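*Asks:* I have a structure I would like to understand better, so I am pasting it below and will then ask my questions one at a time.
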Amino acid sequence: MLLCELDRTPKMFFIQRALHENDPWSGQIAFPGGSRDPEDPDTLHTAQRETVEEVGICLENIPLLGQLDDQKSFIKINSRPVVINCYVFEVPETILPENSEEVHDSFWVPVHHLASPENKTTHQVSQSGESRPAISLDDGQVLWGLTYRFVNMLLEKISLN
């Protein structure tokens with residue numbers, strides 16, 4: 001999770017994942033990130049490496065504000081749930097990303113938009129038909145699922161939810 005302009009109009013950075021047939025998160029709104037490689041010493045390094053690979057933003061000298069509680073995905077690999085870590089960084093300004101082929105789009109959203117009750121909605125999950133809580137973004141995009149849970153967790157911690 002990347003945040004910027006905390007002293008003015010706080011914003012949060014998102015990507016829209018590229019459309020790939022075999023990707024269970026294809027086209028969804030997310031944070032930069034991905035799977036831990038065997039060479040990664042820890043998941044923090046994974047987050048930093050994946051952010052550079054996906055959007056060209058280097059986090060090595062960027063302040064780490066903390067880590068949110070790990071979340072389990074409903075998707076399983078080898079019959080085991082995927083556990084997702086979320087590290088929160090404060091970048092000094094709105095950075096223009098260089099999207100890789102893994103990213104269809106990337107953008108900054110004001111935190112007040114994410115916290116506003118008027119932007120709360122639901123998302124119909126195509127695989128199960130279930131309705132899940134979500135946030136409406138611009139251009140008809142919807143933030144839901146794991147990313148929604150992490151956003152909500154941060155908003156609760158800073159009392160904006």
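Chain labels follow the order of the structure tokens: the first chain is A, the next B, and so on; residue numbering restarts at 1 in every chain, and ligands are counted from 1 in their shown order.
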Let's see if you can do this: from backbone DSSP, list all helix (DSSP H, G or I) residues in chain A, as a VMD selection string.

*Replies:* chain A and resid 43 to 55 111 to 115 117 to 119 138 to 140 145 to 157

*Asks:* Near stretch 16-23 of chain A, counting only C-alpha atoms, which residues have an atom at most 7 Å away, once you skip same-chain residues fewer than 3 positions from it, shown as an mmCIF file with C-alpha atoms, in the first residue's frame?

*Replies:*
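Final file, result36.cif:
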```cif
data_model
loop_
_atom_site.group_PDB
_atom_site.id
_atom_site.type_symbol
_atom_site.label_atom_id
_atom_site.label_comp_id
_atom_site.auth_asym_id
_atom_site.auth_seq_id
_atom_site.Cartn_x
_atom_site.Cartn_y
_atom_site.Cartn_z
ATOM 1 C CA SER A 26 -7.378 -10.670 -13.603
ATOM 2 C CA GLY A 27 -8.562 -7.085 -14.133
ATOM 3 C CA GLN A 28 -9.141 -6.449 -10.431
ATOM 4 C CA ILE A 29 -8.130 -3.336 -8.521
ATOM 5 C CA ALA A 30 -5.209 -4.111 -6.229
ATOM 6 C CA GLU A 101 2.699 -5.810 -18.827
ATOM 7 C CA GLU A 102 1.236 -7.123 -15.530
ATOM 8 C CA VAL A 103 -0.618 -3.836 -15.010
ATOM 9 C CA HIS A 104 -3.453 -2.540 -17.172
ATOM 10 C CA ASP A 105 -3.671 0.806 -15.349
ATOM 11 C CA SER A 106 -2.514 2.554 -12.179
#
```

*Asks:* I want to know what sits within 8 Å of A:Leu68, based on only C-alpha atoms, with residues of the same chain fewer than 3 positions away left out; could you give that as a PyMOL selection string?

*Replies:* chain A and resi 85-88+150+153-154

*Asks:* Using only C-alpha atoms, pick whichever of A:Ile84, A:Ala134, A:Val142, A:Leu59 has the shortest atom-to-atom distance to A:Ile15.

*Replies:*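 Of A:Ile84, A:Ala134, A:Val142, A:Leu59, the one nearest A:Ile15 is A:Val142, counting only C-alpha atoms.
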
*Asks:* Name the residues in contact with A:Val91 at a cut-off of 7 Å, using only C-alpha atoms, excluding same-chain residues fewer than 5 positions from it; report them as an mmCIF file with all heavy atoms, in the first residue's frame.

*Replies:*
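What landed in out.cif:
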```cif
data_model
loop_
_atom_site.group_PDB
_atom_site.id
_atom_site.type_symbol
_atom_site.label_atom_id
_atom_site.label_comp_id
_atom_site.auth_asym_id
_atom_site.auth_seq_id
_atom_site.Cartn_x
_atom_site.Cartn_y
_atom_site.Cartn_z
ATOM 1 N N LEU A 2 0.687 2.106 -0.979
ATOM 2 C CA LEU A 2 1.440 3.348 -1.058
ATOM 3 C C LEU A 2 0.512 4.509 -0.750
ATOM 4 O O LEU A 2 -0.580 4.614 -1.314
ATOM 5 C CB LEU A 2 2.028 3.539 -2.460
ATOM 6 C CG LEU A 2 2.883 2.411 -3.019
ATOM 7 C CD1 LEU A 2 3.402 2.778 -4.402
ATOM 8 C CD2 LEU A 2 4.016 2.073 -2.090
ATOM 9 N N LEU A 3 0.952 5.364 0.158
ATOM 10 C CA LEU A 3 0.224 6.580 0.508
ATOM 11 C C LEU A 3 1.105 7.773 0.178
ATOM 12 O O LEU A 3 2.336 7.687 0.238
ATOM 13 C CB LEU A 3 -0.105 6.600 2.002
ATOM 14 C CG LEU A 3 -0.943 5.445 2.544
ATOM 15 C CD1 LEU A 3 -1.014 5.517 4.067
ATOM 16 C CD2 LEU A 3 -2.333 5.463 1.944
ATOM 17 N N CYS A 4 0.484 8.911 -0.142
ATOM 18 C CA CYS A 4 1.254 10.137 -0.361
ATOM 19 C C CYS A 4 0.424 11.337 0.089
ATOM 20 O O CYS A 4 -0.776 11.213 0.355
ATOM 21 C CB CYS A 4 1.668 10.280 -1.820
ATOM 22 S SG CYS A 4 0.347 10.748 -2.931
ATOM 23 N N ILE A 62 12.122 4.610 0.938
ATOM 24 C CA ILE A 62 10.810 5.186 1.243
ATOM 25 C C ILE A 62 10.409 4.747 2.650
ATOM 26 O O ILE A 62 10.539 3.571 2.999
ATOM 27 C CB ILE A 62 9.754 4.718 0.206
ATOM 28 C CG1 ILE A 62 10.163 5.134 -1.210
ATOM 29 C CG2 ILE A 62 8.373 5.226 0.553
ATOM 30 C CD1 ILE A 62 10.221 6.630 -1.440
#
```

*Asks:* If you measure from atom CA of A:Arg49 to atom CA of A:Pro63, what distance in Å do you get, rounded to one decimal?

*Replies:* 15.5 Å

*Asks:* Please extract the residues of stretch 1-40 of chain A with a backbone DSSP assignment of strand (DSSP E or B) and present them as a short mmCIF file (atom, residue, chain, number, x, y, z; two decimals) with all heavy atoms, in the first residue's frame.

*Replies:*
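File written: result-v6.cif
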```cif
data_model
loop_
_atom_site.label_atom_id
_atom_site.label_comp_id
_atom_site.auth_asym_id
_atom_site.auth_seq_id
_atom_site.Cartn_x
_atom_site.Cartn_y
_atom_site.Cartn_z
N LEU A 2 0.69 2.11 -0.98
CA LEU A 2 1.44 3.35 -1.06
C LEU A 2 0.51 4.51 -0.75
O LEU A 2 -0.58 4.61 -1.31
CB LEU A 2 2.03 3.54 -2.46
CG LEU A 2 2.88 2.41 -3.02
CD1 LEU A 2 3.40 2.78 -4.40
CD2 LEU A 2 4.02 2.07 -2.09
N LEU A 3 0.95 5.36 0.16
CA LEU A 3 0.22 6.58 0.51
C LEU A 3 1.11 7.77 0.18
O LEU A 3 2.34 7.69 0.24
CB LEU A 3 -0.10 6.60 2.00
CG LEU A 3 -0.94 5.45 2.54
CD1 LEU A 3 -1.01 5.52 4.07
CD2 LEU A 3 -2.33 5.46 1.94
N CYS A 4 0.48 8.91 -0.14
CA CYS A 4 1.25 10.14 -0.36
C CYS A 4 0.42 11.34 0.09
O CYS A 4 -0.78 11.21 0.35
CB CYS A 4 1.67 10.28 -1.82
SG CYS A 4 0.35 10.75 -2.93
N LYS A 11 -3.59 10.44 -0.42
CA LYS A 11 -3.99 9.62 -1.56
C LYS A 11 -3.41 8.22 -1.39
O LYS A 11 -2.38 8.04 -0.76
CB LYS A 11 -3.49 10.22 -2.86
CG LYS A 11 -4.09 11.57 -3.17
CD LYS A 11 -3.51 12.14 -4.44
CE LYS A 11 -4.06 13.55 -4.65
NZ LYS A 11 -3.25 14.32 -5.56
N MET A 12 -4.10 7.25 -2.00
CA MET A 12 -3.66 5.86 -1.98
C MET A 12 -3.50 5.39 -3.43
O MET A 12 -4.30 5.75 -4.29
CB MET A 12 -4.71 5.01 -1.25
CG MET A 12 -4.26 3.61 -0.92
SD MET A 12 -5.53 2.69 0.02
CE MET A 12 -5.57 3.57 1.58
N PHE A 13 -2.49 4.58 -3.66
CA PHE A 13 -2.14 4.12 -5.00
C PHE A 13 -2.72 2.73 -5.26
O PHE A 13 -2.64 1.84 -4.42
CB PHE A 13 -0.61 4.06 -5.13
CG PHE A 13 -0.13 3.66 -6.49
CD1 PHE A 13 -0.16 4.55 -7.55
CD2 PHE A 13 0.38 2.39 -6.70
CE1 PHE A 13 0.30 4.19 -8.80
CE2 PHE A 13 0.85 2.01 -7.95
CZ PHE A 13 0.81 2.92 -9.01
N PHE A 14 -3.29 2.57 -6.46
CA PHE A 14 -3.86 1.29 -6.87
C PHE A 14 -3.41 0.95 -8.29
O PHE A 14 -3.07 1.82 -9.07
CB PHE A 14 -5.39 1.34 -6.88
CG PHE A 14 -5.99 1.55 -5.53
CD1 PHE A 14 -6.36 2.81 -5.10
CD2 PHE A 14 -6.18 0.47 -4.66
CE1 PHE A 14 -6.91 3.01 -3.84
CE2 PHE A 14 -6.74 0.67 -3.41
CZ PHE A 14 -7.10 1.94 -3.00
N ILE A 15 -3.46 -0.35 -8.58
CA ILE A 15 -3.28 -0.81 -9.95
C ILE A 15 -4.55 -1.55 -10.37
O ILE A 15 -5.30 -2.03 -9.53
CB ILE A 15 -2.05 -1.75 -10.11
CG1 ILE A 15 -2.24 -3.04 -9.31
CG2 ILE A 15 -0.77 -1.04 -9.73
CD1 ILE A 15 -1.22 -4.13 -9.62
N GLN A 16 -4.76 -1.59 -11.67
CA GLN A 16 -5.75 -2.52 -12.22
C GLN A 16 -4.92 -3.60 -12.90
O GLN A 16 -4.13 -3.31 -13.82
CB GLN A 16 -6.69 -1.87 -13.22
CG GLN A 16 -7.70 -2.87 -13.76
CD GLN A 16 -8.64 -2.28 -14.79
OE1 GLN A 16 -8.41 -1.21 -15.32
NE2 GLN A 16 -9.70 -3.01 -15.08
N ARG A 17 -5.07 -4.81 -12.42
CA ARG A 17 -4.28 -5.92 -12.95
C ARG A 17 -4.61 -6.15 -14.42
O ARG A 17 -5.75 -5.95 -14.86
CB ARG A 17 -4.53 -7.18 -12.14
CG ARG A 17 -4.12 -7.00 -10.66
CD ARG A 17 -4.37 -8.24 -9.85
NE ARG A 17 -3.64 -9.38 -10.36
CZ ARG A 17 -2.36 -9.65 -10.08
NH1 ARG A 17 -1.68 -8.86 -9.29
NH2 ARG A 17 -1.78 -10.72 -10.58
N ILE A 29 -8.85 -4.44 -9.14
CA ILE A 29 -8.13 -3.34 -8.52
C ILE A 29 -7.35 -3.91 -7.35
O ILE A 29 -7.89 -4.68 -6.55
CB ILE A 29 -9.11 -2.24 -8.03
CG1 ILE A 29 -10.00 -1.76 -9.19
CG2 ILE A 29 -8.35 -1.08 -7.39
CD1 ILE A 29 -9.28 -1.20 -10.38
N ALA A 30 -6.08 -3.53 -7.24
CA ALA A 30 -5.21 -4.11 -6.23
C ALA A 30 -4.10 -3.13 -5.88
O ALA A 30 -4.02 -2.02 -6.43
CB ALA A 30 -4.61 -5.41 -6.76
#
```

*Asks:* Just want the 8 Å neighbourhood of A:Val83, counted on only C-alpha atoms, with same-chain residues fewer than 2 positions away dropped. Output as a list in words.

*Replies:*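 Using only C-alpha atoms, the neighbours found are Asp70, Gln71, Lys72, Ser73, Pro81 and Asn85 of chain A.
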
*Asks:* Keeping N, CA and C atoms, export the residues of the selection given above as a PDB file, in the first residue's frame.

*Replies:*
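Dumped to selection_39.pdb:
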```pdb
ATOM      1  N   ASP A  70      -2.161  -9.712   8.336  1.00  0.00           N
ATOM      2  CA  ASP A  70      -2.196 -10.618   7.192  1.00  0.00           C
ATOM      3  C   ASP A  70      -3.631 -11.079   6.929  1.00  0.00           C
ATOM      4  N   GLN A  71      -3.932 -11.325   5.661  1.00  0.00           N
ATOM      5  CA  GLN A  71      -5.252 -11.777   5.255  1.00  0.00           C
ATOM      6  C   GLN A  71      -5.126 -13.058   4.448  1.00  0.00           C
ATOM      7  N   LYS A  72      -6.111 -13.952   4.591  1.00  0.00           N
ATOM      8  CA  LYS A  72      -6.147 -15.178   3.804  1.00  0.00           C
ATOM      9  C   LYS A  72      -7.078 -14.971   2.622  1.00  0.00           C
ATOM     10  N   SER A  73      -6.632 -15.448   1.477  1.00  0.00           N
ATOM     11  CA  SER A  73      -7.433 -15.395   0.269  1.00  0.00           C
ATOM     12  C   SER A  73      -8.419 -16.567   0.269  1.00  0.00           C
ATOM     13  N   PRO A  81      -4.782 -22.049   1.750  1.00  0.00           N
ATOM     14  CA  PRO A  81      -5.117 -20.668   1.432  1.00  0.00           C
ATOM     15  C   PRO A  81      -3.859 -19.820   1.245  1.00  0.00           C
ATOM     16  N   ASN A  85       0.359 -10.423   2.740  1.00  0.00           N
ATOM     17  CA  ASN A  85       0.904  -9.415   3.648  1.00  0.00           C
ATOM     18  C   ASN A  85       0.709  -8.053   3.005  1.00  0.00           C
TER      19      ASN A  85
END
```

*Asks:* Near A:Gln124, counting only C-alpha atoms, which residues have an atom at most 12 Å away, once you skip same-chain residues fewer than 4 positions from it, shown as a ChimeraX atom specification?

*Replies:* /A:128-134,142-145

*Asks:* Please, what distance in Å, to one decimal, runs between atom CA of A:Ser100 and atom CA of A:Gly56?

*Replies:*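 Here the two named atoms are 7.9 Å from each other.
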
*Asks:* Which residue is closest to A:Phe31? Choose from A:Asn61, A:Lys157, A:Asp138, A:Phe89 and count only C-alpha atoms.

*Replies:*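 Closest residue, counting only C-alpha atoms: A:Phe89.
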
*Asks:* Could you state the separation of atom CA of A:Glu5 and atom CA of A:Glu90 in Å, given to one decimal place?

*Replies:*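 Those two atoms sit 8.3 Å apart.
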
*Asks:* Calculated over only C-alpha atoms, which of the candidates A:Asp42, A:Glu93, A:Asp139, A:Glu156 has the smallest distance to A:Ala115?

*Replies:*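 Residue with the minimum atom-to-atom distance to A:Ala115: A:Glu156.
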
*Asks:* Pick the closest to A:Asn99 from A:Leu114, A:Leu65, A:Ile135, A:Ile57: which is it, counting only C-alpha atoms?

*Replies:*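 Checking each candidate against A:Asn99, we get A:Ile57 as the closest.
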